[in-house]
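Asker: Can you read through this structure? Questions will come right after.
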Amino acid sequence: MTEVFTPEEAAILHPYVTNVDRPIYALKNLPEEVVAVLFAYYSRSRESLRRNLLKLIQEKDLDLAERLQTSASSVEPWRAADQDELALARQKAKEFHEKWVVGYGHASVAEHAVAHLAIEDVSIVASKIIEDTRLASYTEKSTRYVVFDRDKFYRVPCLIASPHARLYEETCGFLLGTYTRLTETVVAAIKRETPRGEKQTERGYETACKAKSCDILRYVLPAATLTNIGMTINGRLLEHLITKLLSHPLEEGREIGALMKGEAEKVIPTLLKYADHNAYMAETRQAMESLVSEQFAGCAPEEALDVSLVRYPEDVEDQLVAAILYGYTAHPLRQVQERVRKLSHEEKMRVIDEYLKRRGKHDQPLRALEHLTYTFDILVDFGAFRDIQRHRMATQTPQELGPVHGYSTPPEIVRYGLLPTYEECMARAREAYQVIAADFPREAQYVLPLAFRKRVLFTWNLREIFHFVQLRSAKQGHISYRHIAQQVFKEVERVHPLLAKYIRVDLDDYALARL
């Protein structure tokens, strides 16, 4: 039964909730830490959130009403007085958190406070470190729809202060200069190769040609190229991300971590109080790198396939059928498994078919598929890794970028007669890397173009494979990650053809960034 508020109480609550007479409502006009405080009450109070909010306002624990009214009527809403009132509200929130979050170990409260951060002018190297945090939302500057600026690349402080400064600056400048210089050439070649369609507008055609040229030329962009990221993340994960950044061996990572903490503390200060350098993270990395140097000294990497399925469930049909049936019974898994083993092959296939065949065009398979996991060792160019890393419902272990695995070359580069220029870019970058790496082995990666390849270990559950393959094999995708998605499908098909037939995949070979 929905609680009833007096007209006076409703008037107080109205600015902060979307309704006062229904059991489901949204919060508004509240600082993020105050939201977290209110949700924290759920675990400690018999009252509703609205009732607790009303109590905090009436008792002046959260003096928000005056701040909101002043803001609404003021030409300059964030006057000093308003800021003082907001500071008071946050101080009350801090006092509450000191008692409930710190005192009672109720850290999950931080998940209800959300920060929206704009992270601009960071390198593509750093963007991958930031986006390694899985349960957050990111939007990043696209290499397809945006032409990157010629002079915008990260000046690595230790390199700029070293004898390698000139080599680093000249190499990154040459790569970005080539990228800029070739844009018009590539667009013209695309237009010669693919004339505008009868039903295509001139504007649409120009946009498509530009996107295709960006897809081709992104291979030349150095990893130092500056990009922008928009991030939405809750307080608990933000604390972990900042800690990871402050503990990172790259100076840029630590710089970003410090700046991020400084800005986020203006929104959710209490929830970030433990975000700091973490010895476990930093020292474990150092110890493992030392062990690898000992164990793999003089051992060169072997040649391997671009996509190798290295681990998968053996009795896949029985596992999947049992996982599917389990959710619709009252039986323990052991008993379900015993029953499944007695089913004929046809009966098992019927269970799987009934579970998957009704999916509509935009339906993802149901969750029983998550109980089956597949691990892939993938060799991919850094540009494509930039895209597929965003599939964060997976366990990813990337290796550091380096020149050891060579680089990818888009076929258009050859077809448009640009191979000599392209190879000069790759050669200059590789040579610069080798010189810089002698003194700065970790920072040398900034100079490598996105064409260079790296290895990453992905462990996906079968449901996420369905999603990844369908999305990344689609004809509008980039040729590089389309290849990865197609190979992932073929590997699953090789070991489990009966399951692969339910995966929606596009195996056609389209032109890059199809017009």
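Scheme for the structure tokens: letters A, B, ... for chains in order shown; per-chain residue numbers from 1; ligand numbers from 1 in order shown.
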Give me the residues of range 361-391 of chain A that have any atom at most 10 Å from an atom of range 396-418 of chain A; for each, the nearest atom pair and the distance in Å, rounded to one decimal. Use only C-alpha atoms, sort by chain and number, and format it as a Markdown table.
Answerer:
```
| residue | atom | partner | partner_atom | distance |
| --- | --- | --- | --- | --- |
| A:Thr375 | CA | A:Gln396 | CA | 9.7 |
| A:Phe376 | CA | A:Gln396 | CA | 9.8 |
| A:Asp377 | CA | A:Thr397 | CA | 9.6 |
| A:Ile378 | CA | A:Pro398 | CA | 9.4 |
| A:Leu379 | CA | A:His405 | CA | 8.2 |
| A:Val380 | CA | A:Ser408 | CA | 8.5 |
| A:Asp381 | CA | A:Ser408 | CA | 6.4 |
| A:Phe382 | CA | A:Leu401 | CA | 7.6 |
| A:Gly383 | CA | A:Ser408 | CA | 9.8 |
| A:Phe385 | CA | A:Pro398 | CA | 9.3 |
| A:Gln389 | CA | A:Gln396 | CA | 7.9 |
| A:His391 | CA | A:Gln396 | CA | 9.5 |
```
Asker: Enumerate, in order of chain and increasing residue number, the residues of range 188-270 of chain A with an atom no farther than 12 Å from range 285-301 of chain A, each with its shortest atom pair and distance in Å to one decimal, counting only C-alpha atoms, as CSV.
Answerer:
```
residue,atom,partner,partner_atom,distance
A:Lys244,CA,A:Arg285,CA,11.6
A:Ser247,CA,A:Arg285,CA,9.8
A:His248,CA,A:Arg285,CA,9.1
A:Pro249,CA,A:Arg285,CA,8.8
```
Asker: Assign secondary structure with DSSP using the backbone only, and return the residues of range 362-438 of chain A in strand (DSSP E or B) as a PDB file with all heavy atoms, in the first residue's frame.
Answerer:
```pdb
ATOM      1  N   THR A 373      31.799 -21.798 -20.935  1.00  0.00           N
ATOM      2  CA  THR A 373      32.822 -20.794 -21.211  1.00  0.00           C
ATOM      3  C   THR A 373      33.844 -21.301 -22.217  1.00  0.00           C
ATOM      4  O   THR A 373      34.171 -22.500 -22.257  1.00  0.00           O
ATOM      5  CB  THR A 373      33.557 -20.364 -19.933  1.00  0.00           C
ATOM      6  OG1 THR A 373      34.151 -21.505 -19.317  1.00  0.00           O
ATOM      7  CG2 THR A 373      32.598 -19.704 -18.959  1.00  0.00           C
ATOM      8  N   TYR A 374      34.347 -20.358 -23.020  1.00  0.00           N
ATOM      9  CA  TYR A 374      35.327 -20.639 -24.066  1.00  0.00           C
ATOM     10  C   TYR A 374      36.469 -19.625 -23.931  1.00  0.00           C
ATOM     11  O   TYR A 374      36.221 -18.427 -23.759  1.00  0.00           O
ATOM     12  CB  TYR A 374      34.697 -20.496 -25.451  1.00  0.00           C
ATOM     13  CG  TYR A 374      33.577 -21.467 -25.746  1.00  0.00           C
ATOM     14  CD1 TYR A 374      32.334 -21.340 -25.129  1.00  0.00           C
ATOM     15  CD2 TYR A 374      33.755 -22.507 -26.652  1.00  0.00           C
ATOM     16  CE1 TYR A 374      31.298 -22.224 -25.395  1.00  0.00           C
ATOM     17  CE2 TYR A 374      32.726 -23.401 -26.939  1.00  0.00           C
ATOM     18  CZ  TYR A 374      31.498 -23.247 -26.310  1.00  0.00           C
ATOM     19  OH  TYR A 374      30.474 -24.124 -26.581  1.00  0.00           O
ATOM     20  N   THR A 375      37.691 -20.087 -24.045  1.00  0.00           N
ATOM     21  CA  THR A 375      38.850 -19.200 -23.961  1.00  0.00           C
ATOM     22  C   THR A 375      39.572 -19.164 -25.301  1.00  0.00           C
ATOM     23  O   THR A 375      39.904 -20.212 -25.862  1.00  0.00           O
ATOM     24  CB  THR A 375      39.813 -19.657 -22.855  1.00  0.00           C
ATOM     25  OG1 THR A 375      39.133 -19.613 -21.594  1.00  0.00           O
ATOM     26  CG2 THR A 375      41.029 -18.742 -22.784  1.00  0.00           C
ATOM     27  N   PHE A 376      39.800 -17.951 -25.795  1.00  0.00           N
ATOM     28  CA  PHE A 376      40.456 -17.738 -27.077  1.00  0.00           C
ATOM     29  C   PHE A 376      41.754 -16.956 -26.891  1.00  0.00           C
ATOM     30  O   PHE A 376      41.790 -15.968 -26.143  1.00  0.00           O
ATOM     31  CB  PHE A 376      39.550 -16.933 -28.021  1.00  0.00           C
ATOM     32  CG  PHE A 376      38.312 -17.655 -28.478  1.00  0.00           C
ATOM     33  CD1 PHE A 376      37.169 -17.668 -27.684  1.00  0.00           C
ATOM     34  CD2 PHE A 376      38.283 -18.319 -29.689  1.00  0.00           C
ATOM     35  CE1 PHE A 376      36.018 -18.315 -28.101  1.00  0.00           C
ATOM     36  CE2 PHE A 376      37.144 -18.978 -30.115  1.00  0.00           C
ATOM     37  CZ  PHE A 376      36.004 -18.977 -29.318  1.00  0.00           C
ATOM     38  N   ASP A 377      42.793 -17.379 -27.582  1.00  0.00           N
ATOM     39  CA  ASP A 377      44.040 -16.629 -27.684  1.00  0.00           C
ATOM     40  C   ASP A 377      43.981 -15.897 -29.017  1.00  0.00           C
ATOM     41  O   ASP A 377      43.958 -16.519 -30.082  1.00  0.00           O
ATOM     42  CB  ASP A 377      45.227 -17.590 -27.642  1.00  0.00           C
ATOM     43  CG  ASP A 377      46.566 -16.870 -27.592  1.00  0.00           C
ATOM     44  OD1 ASP A 377      46.577 -15.625 -27.589  1.00  0.00           O
ATOM     45  OD2 ASP A 377      47.606 -17.552 -27.584  1.00  0.00           O
ATOM     46  N   ILE A 378      43.934 -14.561 -28.971  1.00  0.00           N
ATOM     47  CA  ILE A 378      43.657 -13.769 -30.172  1.00  0.00           C
ATOM     48  C   ILE A 378      44.824 -12.827 -30.468  1.00  0.00           C
ATOM     49  O   ILE A 378      45.326 -12.132 -29.579  1.00  0.00           O
ATOM     50  CB  ILE A 378      42.356 -12.960 -29.999  1.00  0.00           C
ATOM     51  CG1 ILE A 378      41.166 -13.928 -29.892  1.00  0.00           C
ATOM     52  CG2 ILE A 378      42.155 -11.978 -31.152  1.00  0.00           C
ATOM     53  CD1 ILE A 378      39.830 -13.245 -29.645  1.00  0.00           C
ATOM     54  N   LEU A 379      45.249 -12.824 -31.717  1.00  0.00           N
ATOM     55  CA  LEU A 379      46.253 -11.886 -32.217  1.00  0.00           C
ATOM     56  C   LEU A 379      45.522 -10.856 -33.063  1.00  0.00           C
ATOM     57  O   LEU A 379      44.901 -11.207 -34.074  1.00  0.00           O
ATOM     58  CB  LEU A 379      47.298 -12.626 -33.051  1.00  0.00           C
ATOM     59  CG  LEU A 379      48.413 -11.776 -33.670  1.00  0.00           C
ATOM     60  CD1 LEU A 379      49.247 -11.098 -32.587  1.00  0.00           C
ATOM     61  CD2 LEU A 379      49.304 -12.627 -34.574  1.00  0.00           C
ATOM     62  N   VAL A 380      45.576  -9.581 -32.664  1.00  0.00           N
ATOM     63  CA  VAL A 380      44.741  -8.568 -33.286  1.00  0.00           C
ATOM     64  C   VAL A 380      45.492  -7.244 -33.356  1.00  0.00           C
ATOM     65  O   VAL A 380      46.304  -6.933 -32.486  1.00  0.00           O
ATOM     66  CB  VAL A 380      43.430  -8.406 -32.472  1.00  0.00           C
ATOM     67  CG1 VAL A 380      43.710  -7.967 -31.047  1.00  0.00           C
ATOM     68  CG2 VAL A 380      42.454  -7.469 -33.148  1.00  0.00           C
ATOM     69  N   ASP A 381      45.244  -6.479 -34.422  1.00  0.00           N
ATOM     70  CA  ASP A 381      45.882  -5.162 -34.481  1.00  0.00           C
ATOM     71  C   ASP A 381      45.274  -4.268 -33.400  1.00  0.00           C
ATOM     72  O   ASP A 381      44.135  -4.446 -32.970  1.00  0.00           O
ATOM     73  CB  ASP A 381      45.771  -4.550 -35.875  1.00  0.00           C
ATOM     74  CG  ASP A 381      44.356  -4.219 -36.300  1.00  0.00           C
ATOM     75  OD1 ASP A 381      43.762  -3.295 -35.719  1.00  0.00           O
ATOM     76  OD2 ASP A 381      43.842  -4.881 -37.225  1.00  0.00           O
ATOM     77  N   THR A 395      36.353 -12.003 -19.591  1.00  0.00           N
ATOM     78  CA  THR A 395      37.612 -11.843 -18.873  1.00  0.00           C
ATOM     79  C   THR A 395      38.706 -11.642 -19.905  1.00  0.00           C
ATOM     80  O   THR A 395      38.906 -12.492 -20.776  1.00  0.00           O
ATOM     81  CB  THR A 395      37.908 -13.069 -17.999  1.00  0.00           C
ATOM     82  OG1 THR A 395      36.876 -13.199 -17.015  1.00  0.00           O
ATOM     83  CG2 THR A 395      39.248 -12.918 -17.301  1.00  0.00           C
ATOM     84  N   GLN A 396      39.395 -10.508 -19.844  1.00  0.00           N
ATOM     85  CA  GLN A 396      40.411 -10.168 -20.829  1.00  0.00           C
ATOM     86  C   GLN A 396      41.772 -10.036 -20.154  1.00  0.00           C
ATOM     87  O   GLN A 396      41.893  -9.379 -19.118  1.00  0.00           O
ATOM     88  CB  GLN A 396      40.078  -8.851 -21.518  1.00  0.00           C
ATOM     89  CG  GLN A 396      38.737  -8.806 -22.215  1.00  0.00           C
ATOM     90  CD  GLN A 396      38.478  -7.452 -22.843  1.00  0.00           C
ATOM     91  OE1 GLN A 396      39.396  -6.741 -23.241  1.00  0.00           O
ATOM     92  NE2 GLN A 396      37.209  -7.075 -22.941  1.00  0.00           N
ATOM     93  N   THR A 397      42.779 -10.638 -20.758  1.00  0.00           N
ATOM     94  CA  THR A 397      44.154 -10.460 -20.308  1.00  0.00           C
ATOM     95  C   THR A 397      44.990 -10.034 -21.505  1.00  0.00           C
ATOM     96  O   THR A 397      45.438 -10.870 -22.294  1.00  0.00           O
ATOM     97  CB  THR A 397      44.732 -11.752 -19.699  1.00  0.00           C
ATOM     98  OG1 THR A 397      43.882 -12.192 -18.628  1.00  0.00           O
ATOM     99  CG2 THR A 397      46.138 -11.526 -19.167  1.00  0.00           C
ATOM    100  N   PRO A 398      45.170  -8.722 -21.698  1.00  0.00           N
ATOM    101  CA  PRO A 398      45.935  -8.250 -22.857  1.00  0.00           C
ATOM    102  C   PRO A 398      47.429  -8.219 -22.577  1.00  0.00           C
ATOM    103  O   PRO A 398      47.862  -8.004 -21.440  1.00  0.00           O
ATOM    104  CB  PRO A 398      45.392  -6.832 -23.069  1.00  0.00           C
ATOM    105  CG  PRO A 398      45.001  -6.388 -21.692  1.00  0.00           C
ATOM    106  CD  PRO A 398      44.542  -7.620 -20.956  1.00  0.00           C
ATOM    107  N   TYR A 407      52.514  -6.149 -38.235  1.00  0.00           N
ATOM    108  CA  TYR A 407      51.386  -5.230 -38.373  1.00  0.00           C
ATOM    109  C   TYR A 407      50.444  -5.688 -39.478  1.00  0.00           C
ATOM    110  O   TYR A 407      50.800  -6.487 -40.345  1.00  0.00           O
ATOM    111  CB  TYR A 407      51.875  -3.812 -38.659  1.00  0.00           C
ATOM    112  CG  TYR A 407      52.775  -3.673 -39.866  1.00  0.00           C
ATOM    113  CD1 TYR A 407      52.238  -3.534 -41.153  1.00  0.00           C
ATOM    114  CD2 TYR A 407      54.168  -3.679 -39.731  1.00  0.00           C
ATOM    115  CE1 TYR A 407      53.054  -3.415 -42.271  1.00  0.00           C
ATOM    116  CE2 TYR A 407      54.992  -3.559 -40.843  1.00  0.00           C
ATOM    117  CZ  TYR A 407      54.435  -3.422 -42.101  1.00  0.00           C
ATOM    118  OH  TYR A 407      55.252  -3.306 -43.206  1.00  0.00           O
TER     119      TYR A 407
END
```
Asker: Could you tell me how far CA of Pro15 in chain A sits from CA of Asn29 in chain A, in Å to one decimal place?
Answerer: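 A separation of 6.9 Å between them.
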Asker: Contacts of Arg50 in chain A at 12 Å or less, counting only C-alpha atoms, minus same-chain residues fewer than 3 places along, as an mmCIF file with N, CA and C atoms, in the first residue's frame?
Answerer:
```
data_model
loop_
_atom_site.group_PDB
_atom_site.id
_atom_site.type_symbol
_atom_site.label_atom_id
_atom_site.label_comp_id
_atom_site.auth_asym_id
_atom_site.auth_seq_id
_atom_site.Cartn_x
_atom_site.Cartn_y
_atom_site.Cartn_z
ATOM 1 N N THR A 2 0.604 2.180 -0.908
ATOM 2 C CA THR A 2 1.409 3.382 -1.021
ATOM 3 C C THR A 2 1.138 4.315 0.146
ATOM 4 N N GLU A 3 2.198 4.859 0.741
ATOM 5 C CA GLU A 3 2.039 5.759 1.875
ATOM 6 C C GLU A 3 1.429 7.080 1.426
ATOM 7 N N VAL A 4 0.857 7.802 2.382
ATOM 8 C CA VAL A 4 0.180 9.064 2.099
ATOM 9 C C VAL A 4 0.943 10.202 2.774
ATOM 10 N N PHE A 5 1.180 11.259 2.026
ATOM 11 C CA PHE A 5 1.852 12.441 2.566
ATOM 12 C C PHE A 5 0.863 13.595 2.632
ATOM 13 N N GLU A 9 3.979 18.031 3.199
ATOM 14 C CA GLU A 9 5.070 17.076 2.988
ATOM 15 C C GLU A 9 5.310 16.835 1.496
ATOM 16 N N ALA A 10 4.226 16.702 0.755
ATOM 17 C CA ALA A 10 4.344 16.477 -0.688
ATOM 18 C C ALA A 10 5.067 17.644 -1.356
ATOM 19 N N ILE A 12 7.320 19.561 -0.031
ATOM 20 C CA ILE A 12 8.747 19.471 0.285
ATOM 21 C C ILE A 12 9.435 18.423 -0.591
ATOM 22 N N LEU A 13 8.755 17.299 -0.802
ATOM 23 C CA LEU A 13 9.355 16.180 -1.552
ATOM 24 C C LEU A 13 9.360 16.404 -3.061
ATOM 25 N N HIS A 14 8.390 17.145 -3.550
ATOM 26 C CA HIS A 14 8.183 17.253 -4.994
ATOM 27 C C HIS A 14 9.443 17.590 -5.795
ATOM 28 N N PRO A 15 10.333 18.479 -5.359
ATOM 29 C CA PRO A 15 11.510 18.800 -6.169
ATOM 30 C C PRO A 15 12.507 17.647 -6.308
ATOM 31 N N TYR A 16 12.363 16.619 -5.443
ATOM 32 C CA TYR A 16 13.400 15.597 -5.380
ATOM 33 C C TYR A 16 12.958 14.217 -5.839
ATOM 34 N N VAL A 17 11.661 14.010 -6.039
ATOM 35 C CA VAL A 17 11.153 12.716 -6.498
ATOM 36 C C VAL A 17 10.139 12.943 -7.614
ATOM 37 N N THR A 18 10.007 11.956 -8.492
ATOM 38 C CA THR A 18 9.123 12.134 -9.646
ATOM 39 C C THR A 18 7.649 11.952 -9.310
ATOM 40 N N ASN A 19 7.338 11.342 -8.177
ATOM 41 C CA ASN A 19 5.951 11.292 -7.705
ATOM 42 C C ASN A 19 5.948 11.005 -6.213
ATOM 43 N N VAL A 20 4.814 11.305 -5.548
ATOM 44 C CA VAL A 20 4.693 11.048 -4.105
ATOM 45 C C VAL A 20 3.544 10.094 -3.809
ATOM 46 N N ASP A 21 2.971 9.479 -4.839
ATOM 47 C CA ASP A 21 1.784 8.644 -4.610
ATOM 48 C C ASP A 21 1.855 7.286 -5.305
ATOM 49 N N ARG A 22 3.018 6.918 -5.818
ATOM 50 C CA ARG A 22 3.151 5.611 -6.465
ATOM 51 C C ARG A 22 4.384 4.898 -5.923
ATOM 52 N N PRO A 23 4.411 3.575 -5.968
ATOM 53 C CA PRO A 23 5.497 2.845 -5.313
ATOM 54 C C PRO A 23 6.828 2.855 -6.066
ATOM 55 N N ILE A 24 6.819 3.286 -7.316
ATOM 56 C CA ILE A 24 8.053 3.363 -8.086
ATOM 57 C C ILE A 24 8.248 4.810 -8.515
ATOM 58 N N TYR A 25 9.440 5.345 -8.251
ATOM 59 C CA TYR A 25 9.708 6.745 -8.551
ATOM 60 C C TYR A 25 11.209 6.924 -8.733
ATOM 61 N N ALA A 26 11.561 8.010 -9.373
ATOM 62 C CA ALA A 26 12.968 8.335 -9.581
ATOM 63 C C ALA A 26 13.360 9.512 -8.710
ATOM 64 N N LEU A 27 14.657 9.605 -8.408
ATOM 65 C CA LEU A 27 15.182 10.731 -7.634
ATOM 66 C C LEU A 27 15.730 11.785 -8.578
ATOM 67 N N VAL A 35 22.075 10.722 -2.635
ATOM 68 C CA VAL A 35 21.360 9.557 -3.183
ATOM 69 C C VAL A 35 21.873 8.283 -2.522
ATOM 70 N N LEU A 38 20.519 7.861 0.962
ATOM 71 C CA LEU A 38 19.118 7.450 0.999
ATOM 72 C C LEU A 38 18.962 5.962 0.690
ATOM 73 N N PHE A 39 19.709 5.468 -0.273
ATOM 74 C CA PHE A 39 19.636 4.039 -0.565
ATOM 75 C C PHE A 39 20.210 3.210 0.586
ATOM 76 N N TYR A 41 19.789 3.743 3.629
ATOM 77 C CA TYR A 41 18.741 3.589 4.637
ATOM 78 C C TYR A 41 17.903 2.330 4.422
ATOM 79 N N TYR A 42 17.796 1.883 3.157
ATOM 80 C CA TYR A 42 16.972 0.706 2.885
ATOM 81 C C TYR A 42 17.395 -0.489 3.740
ATOM 82 N N SER A 45 16.532 0.788 7.747
ATOM 83 C CA SER A 45 15.340 1.508 8.176
ATOM 84 C C SER A 45 14.075 0.811 7.684
ATOM 85 N N ARG A 46 13.011 0.893 8.491
ATOM 86 C CA ARG A 46 11.711 0.359 8.086
ATOM 87 C C ARG A 46 10.953 1.351 7.220
ATOM 88 N N GLU A 47 11.392 2.595 7.203
ATOM 89 C CA GLU A 47 10.679 3.634 6.477
ATOM 90 C C GLU A 47 11.007 3.592 4.980
ATOM 91 N N LEU A 53 13.912 10.727 3.311
ATOM 92 C CA LEU A 53 14.335 11.988 2.715
ATOM 93 C C LEU A 53 13.622 13.157 3.387
ATOM 94 N N LEU A 54 12.323 13.009 3.601
ATOM 95 C CA LEU A 54 11.544 14.054 4.262
ATOM 96 C C LEU A 54 12.098 14.331 5.657
ATOM 97 N N LYS A 55 12.428 13.272 6.364
ATOM 98 C CA LYS A 55 12.963 13.421 7.721
ATOM 99 C C LYS A 55 14.290 14.177 7.704
ATOM 100 N N LEU A 56 15.166 13.838 6.766
ATOM 101 C CA LEU A 56 16.466 14.504 6.683
ATOM 102 C C LEU A 56 16.306 15.994 6.379
ATOM 103 N N ILE A 57 15.358 16.315 5.506
ATOM 104 C CA ILE A 57 15.136 17.717 5.155
ATOM 105 C C ILE A 57 14.515 18.478 6.328
#
```
Asker: Determine which residues of range 194-390 of chain A DSSP labels as helix (DSSP H, G or I) from the backbone of this structure, then write them out as a VMD selection string.
Answerer: chain A and resid 202 to 220 235 to 246 251 to 264 270 to 272 279 to 295 316 to 326 333 to 341 345 to 356 367 to 371 382 to 388
Asker: Find the residue from A:Arg236, A:Lys128, A:Arg192, A:Lys212 that sits nearest to His112 in chain A; use only C-alpha atoms when measuring.
Answerer: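 Between A:Arg236, A:Lys128, A:Arg192, A:Lys212, the residue approaching His112 in chain A most closely is A:Arg236.
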Asker: How far is it from CA of His496 in chain A to CA of Tyr481 in chain A, in Å with one decimal?
Answerer: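 CA of Tyr481 in chain A lies 22.2 Å from CA of His496 in chain A.
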